[in-house]
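Raw model.cif, mmCIF, C-alpha atoms:
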data_input
loop_
_atom_site.label_atom_id
_atom_site.label_comp_id
_atom_site.auth_asym_id
_atom_site.auth_seq_id
_atom_site.Cartn_x
_atom_site.Cartn_y
_atom_site.Cartn_z
CA MET A 843 61.10 -58.45 47.16
CA ALA A 844 59.44 -55.26 46.71
CA SER A 845 56.20 -55.39 44.85
CA GLN A 846 56.00 -53.73 41.45
CA SER A 847 53.53 -51.02 40.97
CA PRO A 848 51.18 -51.40 38.03
CA PRO A 849 51.92 -49.29 34.95
CA PRO A 850 50.12 -46.04 34.69
CA ALA A 851 46.81 -46.36 33.12
CA GLY A 852 46.47 -44.79 29.61
CA PRO A 853 43.42 -43.26 28.17
CA ALA A 854 40.52 -45.49 27.90
CA TYR A 855 40.11 -47.14 24.40
CA ALA A 856 37.01 -46.17 22.49
CA PRO A 857 35.97 -48.12 19.41
CA PRO A 858 35.72 -46.12 16.14
CA PRO A 859 32.23 -44.94 15.18
CA TYR A 860 32.36 -46.94 11.87
CA PRO A 861 34.21 -49.94 10.69
CA PRO A 862 37.77 -49.14 9.63
CA SER A 863 37.36 -50.69 6.22
CA GLN A 864 34.39 -48.57 5.19
CA GLY A 865 35.43 -45.06 6.12
CA PRO A 866 32.93 -42.31 6.81
CA GLN A 867 29.48 -42.90 5.35
CA GLN A 868 27.83 -40.22 3.15
CA PRO A 869 24.30 -39.09 3.87
CA ARG A 870 21.58 -40.45 1.58
CA TRP A 871 20.75 -37.14 -0.06
CA ALA A 872 24.31 -36.99 -1.45
CA TRP A 873 23.69 -40.20 -3.40
CA TRP A 874 20.49 -38.74 -4.82
CA VAL A 875 22.40 -35.68 -6.04
CA VAL A 876 25.06 -37.85 -7.69
CA GLY A 877 22.37 -39.97 -9.36
CA ILE A 878 20.75 -36.87 -10.86
CA VAL A 879 23.86 -34.86 -11.85
CA ILE A 880 25.57 -37.62 -13.84
CA PRO A 881 22.63 -38.22 -16.26
CA VAL A 882 22.17 -34.45 -16.69
CA VAL A 883 25.83 -33.98 -17.58
CA GLY A 884 25.65 -36.84 -20.05
CA LEU A 885 22.53 -35.32 -21.66
CA LEU A 886 24.23 -31.90 -22.01
CA VAL A 887 27.27 -33.48 -23.64
CA THR A 888 25.03 -35.32 -26.11
CA VAL A 889 23.13 -32.12 -27.01
CA LEU A 890 26.31 -30.09 -27.52
CA VAL A 891 27.84 -32.73 -29.76
CA SER A 892 24.71 -33.05 -31.90
CA ARG A 893 24.24 -29.28 -32.48
CA PRO A 894 24.36 -28.16 -36.18
CA GLY A 895 27.20 -25.80 -35.42
CA SER A 896 29.40 -28.43 -33.80
CA SER A 897 32.78 -29.27 -35.30
CA ASP A 898 31.60 -32.73 -36.38
CA ASP A 899 28.71 -31.32 -38.43
CA LYS A 900 30.89 -28.70 -40.06
CA GLY A 901 33.05 -31.38 -41.50
CA ALA A 902 30.02 -32.95 -43.17
CA GLU A 903 28.77 -29.77 -44.84
CA PRO A 904 29.00 -29.88 -48.67
CA ALA A 905 31.40 -27.50 -50.31
CA PRO A 906 29.67 -24.41 -51.73
CA THR A 907 29.21 -24.49 -55.48
CA SER A 908 29.92 -21.47 -57.59
CA ALA A 909 27.03 -19.92 -59.54
CA PRO A 910 27.18 -20.34 -63.33
CA ALA A 911 28.75 -17.41 -65.06
CA ARG A 912 26.34 -15.20 -66.96
CA SER A 913 27.14 -14.60 -70.55
CA SER A 914 27.26 -11.00 -71.67
CA ALA A 915 26.60 -11.96 -75.29
CA PRO A 916 23.00 -11.43 -76.47
CA ALA A 917 20.94 -14.58 -76.91
CA GLU A 918 20.62 -15.74 -80.48
CA LYS A 919 17.16 -15.68 -81.99
CA THR A 920 15.74 -19.01 -82.99
CA GLY A 921 13.29 -19.82 -85.73
CA GLN A 922 10.72 -20.74 -83.08
CA GLU A 923 10.86 -17.32 -81.46
CA GLN A 924 7.56 -15.61 -81.97
CA GLN A 925 7.71 -12.27 -83.69
CA PRO A 926 5.32 -9.52 -82.62
CA GLU A 927 2.35 -9.27 -84.89
CA SER A 928 2.22 -6.09 -86.91
CA PRO A 929 -1.02 -4.18 -86.59
CA THR A 930 -3.31 -4.56 -89.56
CA LYS A 931 -5.35 -1.78 -90.97
CA THR A 932 -9.07 -2.30 -90.63
CA SER A 933 -11.99 -0.59 -92.27
CA GLY A 934 -15.75 -0.75 -92.42
CA ALA A 935 -15.43 -3.78 -94.67
CA ALA A 936 -14.09 -7.12 -93.49
CA THR A 937 -10.37 -7.73 -94.00
CA ALA A 938 -9.75 -9.66 -97.22
CA VAL A 939 -8.24 -13.13 -97.00
CA HIS A 940 -7.07 -14.07 -100.49
CA PRO A 941 -7.96 -13.39 -104.14
CA ARG A 942 -11.05 -15.23 -105.27
CA PHE A 943 -10.41 -14.41 -108.89
CA GLY A 944 -7.67 -12.79 -110.97
CA PRO A 945 -5.96 -10.70 -111.75
CA LYS A 946 -7.38 -11.58 -115.16
CA VAL A 947 -8.67 -9.63 -118.15
CA VAL A 948 -12.43 -9.79 -118.69
CA ASP A 949 -13.95 -8.83 -122.06
CA ALA A 950 -17.22 -6.88 -122.22
CA ASP A 951 -19.10 -5.31 -125.11
CA THR A 952 -19.47 -1.59 -124.47
CA THR A 953 -21.87 -0.94 -127.36
CA ASN A 954 -25.08 0.95 -126.42
CA SER A 955 -26.15 -0.05 -122.92
CA GLY A 956 -23.00 -2.11 -122.51
CA SER A 957 -22.45 -5.30 -120.52
CA TYR A 958 -23.61 -6.35 -117.06
CA ILE A 959 -20.80 -7.97 -115.07
CA GLU A 960 -21.39 -10.11 -111.98
CA LEU A 961 -18.26 -10.67 -109.83
CA ASP A 962 -19.49 -12.79 -106.90
CA SER A 963 -19.40 -16.06 -108.86
CA ALA A 964 -16.28 -18.20 -109.05
CA GLN A 965 -15.76 -16.78 -112.56
CA PRO A 966 -17.14 -13.36 -113.59
CA ILE A 967 -20.39 -13.54 -115.54
CA VAL A 968 -20.79 -11.07 -118.41
CA SER A 969 -24.18 -10.50 -120.03
CA GLY A 970 -25.41 -8.13 -122.73
CA SER A 971 -28.72 -7.68 -120.96
CA SER A 972 -29.97 -7.08 -117.45
CA LEU A 973 -28.42 -9.64 -115.09
CA LYS A 974 -29.63 -10.39 -111.59
CA GLY A 975 -26.87 -9.78 -109.09
CA ALA A 976 -24.77 -7.71 -111.52
CA ASP A 977 -22.15 -5.59 -109.73
CA ILE A 978 -21.08 -3.18 -112.48
CA ILE A 979 -22.16 -2.12 -115.99
CA PHE A 980 -19.41 -1.37 -118.52
CA GLY A 981 -20.87 0.56 -121.48
CA ALA A 982 -21.16 3.78 -123.46
CA SER A 983 -24.87 4.53 -123.35
CA LEU A 984 -24.21 8.29 -123.05
CA GLY A 985 -21.53 8.36 -125.72
CA ASP A 986 -18.46 8.08 -123.47
CA PRO A 987 -17.37 4.76 -121.96
CA ASN A 988 -18.28 4.57 -118.32
CA LEU A 989 -18.79 2.28 -115.35
CA PHE A 990 -22.14 2.33 -113.56
CA VAL A 991 -23.30 0.57 -110.39
CA PRO A 992 -26.77 -0.99 -110.76
CA GLY A 993 -29.15 0.54 -108.28
CA SER A 994 -26.92 3.62 -108.02
CA GLY A 995 -25.20 2.40 -104.87
CA SER A 996 -22.02 4.23 -103.83
CA MET A 997 -19.85 1.16 -104.34
CA LEU A 998 -17.34 2.45 -106.93
CA ALA A 999 -14.26 4.47 -105.97
CA PRO A 1000 -11.73 5.93 -108.43
CA LEU A 1001 -8.03 5.51 -107.60
CA PRO A 1002 -5.13 7.79 -108.48
CA ALA A 1003 -2.78 6.71 -111.26
CA SER A 1004 -0.15 4.21 -110.11
CA ASP A 1005 1.69 1.17 -111.38
CA THR A 1006 1.10 -0.65 -108.08
CA ALA A 1007 -2.15 -2.52 -107.55
CA PRO A 1008 -3.92 -1.80 -104.25
CA THR A 1009 -4.53 -4.38 -101.56
CA ALA A 1010 -8.03 -5.51 -100.68
CA ASP A 1011 -7.94 -3.43 -97.50
CA GLU A 1012 -6.89 -0.35 -99.43
CA CYS A 1013 -9.73 -0.90 -101.87
CA ALA A 1014 -12.26 -1.34 -99.10
CA ASP A 1015 -11.07 1.87 -97.42
CA SER A 1016 -11.24 3.74 -100.71
CA VAL A 1017 -14.84 2.69 -101.33
CA GLU A 1018 -15.76 3.65 -97.78
CA ARG A 1019 -14.25 7.14 -98.16
CA ASN A 1020 -14.82 7.99 -101.83
CA GLY A 1021 -17.58 5.69 -103.05
CA THR A 1022 -19.77 6.84 -105.94
CA TYR A 1023 -22.07 5.05 -108.39
CA THR A 1024 -20.70 6.09 -111.82
CA ALA A 1025 -17.53 7.34 -113.51
CA ASP A 1026 -16.31 8.00 -117.04
CA VAL A 1027 -13.39 5.78 -117.97
CA LYS A 1028 -10.41 5.67 -120.28
CA ARG A 1029 -7.46 3.38 -120.72
CA GLY A 1030 -5.34 3.09 -117.56
CA ASP A 1031 -8.03 4.28 -115.14
CA ARG A 1032 -8.28 2.30 -111.91
CA PHE A 1033 -11.23 1.66 -109.61
CA CYS A 1034 -12.19 -0.22 -106.48
CA LEU A 1035 -15.59 -1.84 -106.19
CA MET A 1036 -17.64 -3.40 -103.41
CA THR A 1037 -19.76 -6.23 -104.82
CA ASP A 1038 -23.39 -6.99 -104.09
CA GLU A 1039 -22.32 -9.75 -101.65
CA GLY A 1040 -19.67 -7.69 -99.88
CA ARG A 1041 -16.55 -8.81 -101.75
CA VAL A 1042 -13.84 -6.36 -102.79
CA ALA A 1043 -12.79 -5.95 -106.45
CA TYR A 1044 -10.08 -4.02 -108.23
CA LEU A 1045 -10.76 -2.93 -111.84
CA LYS A 1046 -8.15 -1.54 -114.22
CA VAL A 1047 -9.31 -0.34 -117.63
CA VAL A 1048 -7.26 -1.98 -120.38
CA THR A 1049 -9.35 -0.70 -123.32
CA ALA A 1050 -12.52 1.40 -123.33
CA PRO A 1051 -13.98 1.84 -126.85
CA SER A 1052 -17.31 3.55 -127.41
CA THR A 1053 -18.36 0.52 -129.40
CA GLY A 1054 -16.96 -2.94 -129.53
CA THR A 1055 -15.15 -4.96 -126.91
CA GLY A 1056 -13.76 -3.26 -123.86
CA LYS A 1057 -11.35 -4.98 -121.49
CA LEU A 1058 -11.07 -4.78 -117.74
CA ASP A 1059 -8.25 -6.31 -115.69
CA VAL A 1060 -10.17 -7.70 -112.71
CA THR A 1061 -9.15 -8.97 -109.25
CA VAL A 1062 -11.74 -10.10 -106.71
CA TRP A 1063 -10.98 -10.88 -103.07
CA ASP A 1064 -13.00 -13.08 -100.78
CA THR A 1065 -13.79 -11.58 -97.39
CA PRO A 1066 -14.85 -13.42 -94.19
CA GLY A 1067 -18.28 -11.80 -94.30
CA ALA A 1068 -18.98 -12.57 -97.95
#
Transcribe the structure of this file into structure tokens.
Amino acid sequence: MASQSPPPAGPAYAPPPYPPSQGPQQPRWAWWVVGIVIPVVGLLVTVLVSRPGSSDDKGAEPAPTSAPARSSAPAEKTGQEQQPESPTKTSGAATAVHPRFGPKVVDADTTNSGSYIELDSAQPIVSGSSLKGADIIFGASLGDPNLFVPGSGSMLAPLPASDTAPTADECADSVERNGTYTADVKRGDRFCLMTDEGRVAYLKVVTAPSTGTGKLDVTVWDTPGA
């Protein structure tokens, strides 16, 4: 029997460089890259989601409110609204506050040297003789009824004829501009007077006989400086 020749020899078997179940192994630096990239990506996603302009935040924004409509009608004035103060006229004398006396008729005897009238007291004082502190003398010592300021001070100012009584400020201004110390008088004449203590008086002649009882309609105003 002829001998059989051995089968041709195939290529020599070489074992694989790595176990078949594991596949090719990655280098170590690749795992470091993966470990760094994944956290970075996660951080970026978190930042993008939490941005104010993200879609989630827009849904939480409150709806804009409309501004209140302005009324074209003028505001109504209230009783508490302060009104601008009107300027007050001032003069060399202090501004009067309120009447201290009058208007009231004061009787005075005009015979001979007449009567001394003091107007700084709560009620006018009338005396037939010299009176300390007298502000005006109502008499007819020269024949015609007249008013005379003791001491000849320029404290008496005549006023033009009018049915309206002056204010204290008007009287004070009149004395400052036109003050004199004496004037003849007749019924209806009007005068302003500055008293010895700085008060303001208004005198209107009711009657002015040469003898007997004359009458003056008198108003006296207190002033802050009096």
Next on the checklist: Can you spell out as an MDAnalysis selection string the set of residues that the PyMOL selection byres ((chain A and resi 976-980) around 9) selects in the structure I just provided?
Outcome noted: chainID A and resid 950:952 955:962 967:969 972:975 981:982 987:992 997:998 1035:1038 1050 1056
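Relative to atom CA of A:Arg1032, atom CA of A:Leu1001 is found at 5.4 Å.
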Checklist entry - If the PyMOL selection byres ((chain A and resi 1002) around 10) is run on the structure shown, which residues does it catch, given as a PyMOL selection string? => result chain A and resi 1000-1001+1003-1005+1031-1033
Item to check | Test item: the PyMOL selection byres ((chain A and resi 1053) around 6) resolved as a list in words | outcome: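 Output of the PyMOL selection byres ((chain A and resi 1053) around 6): Thr952, Thr953, Pro1051, Ser1052 and Gly1054 of chain A.
Picture a line from atom CA of A:Asp1064 to atom CA of A:Val1048; it runs 23.2 Å.
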Which protein, DNA or RNA residues have an atom at most 12 Å from (-8.3, -18.3, -108.9), counting all atoms listed in the file? List them as a compact mmCIF listing (two decimals) with C-alpha atoms, in the frame of the given file.
# COMPACT_ATOMS: atom_id res chain seq x y z
CA HIS A 940 -7.07 -14.07 -100.49
CA PRO A 941 -7.96 -13.39 -104.14
CA ARG A 942 -11.05 -15.23 -105.27
CA PHE A 943 -10.41 -14.41 -108.89
CA GLY A 944 -7.67 -12.79 -110.97
CA PRO A 945 -5.96 -10.70 -111.75
CA LYS A 946 -7.38 -11.58 -115.16
CA SER A 963 -19.40 -16.06 -108.86
CA ALA A 964 -16.28 -18.20 -109.05
CA GLN A 965 -15.76 -16.78 -112.56
CA PRO A 966 -17.14 -13.36 -113.59
CA VAL A 1060 -10.17 -7.70 -112.71
CA THR A 1061 -9.15 -8.97 -109.25
CA VAL A 1062 -11.74 -10.10 -106.71
CA TRP A 1063 -10.98 -10.88 -103.07
CA ASP A 1064 -13.00 -13.08 -100.78
Checklist entry - Between atom CA of A:Val1047 and atom CA of A:Gly1021, what is the spacing in Å? => result 17.8 Å
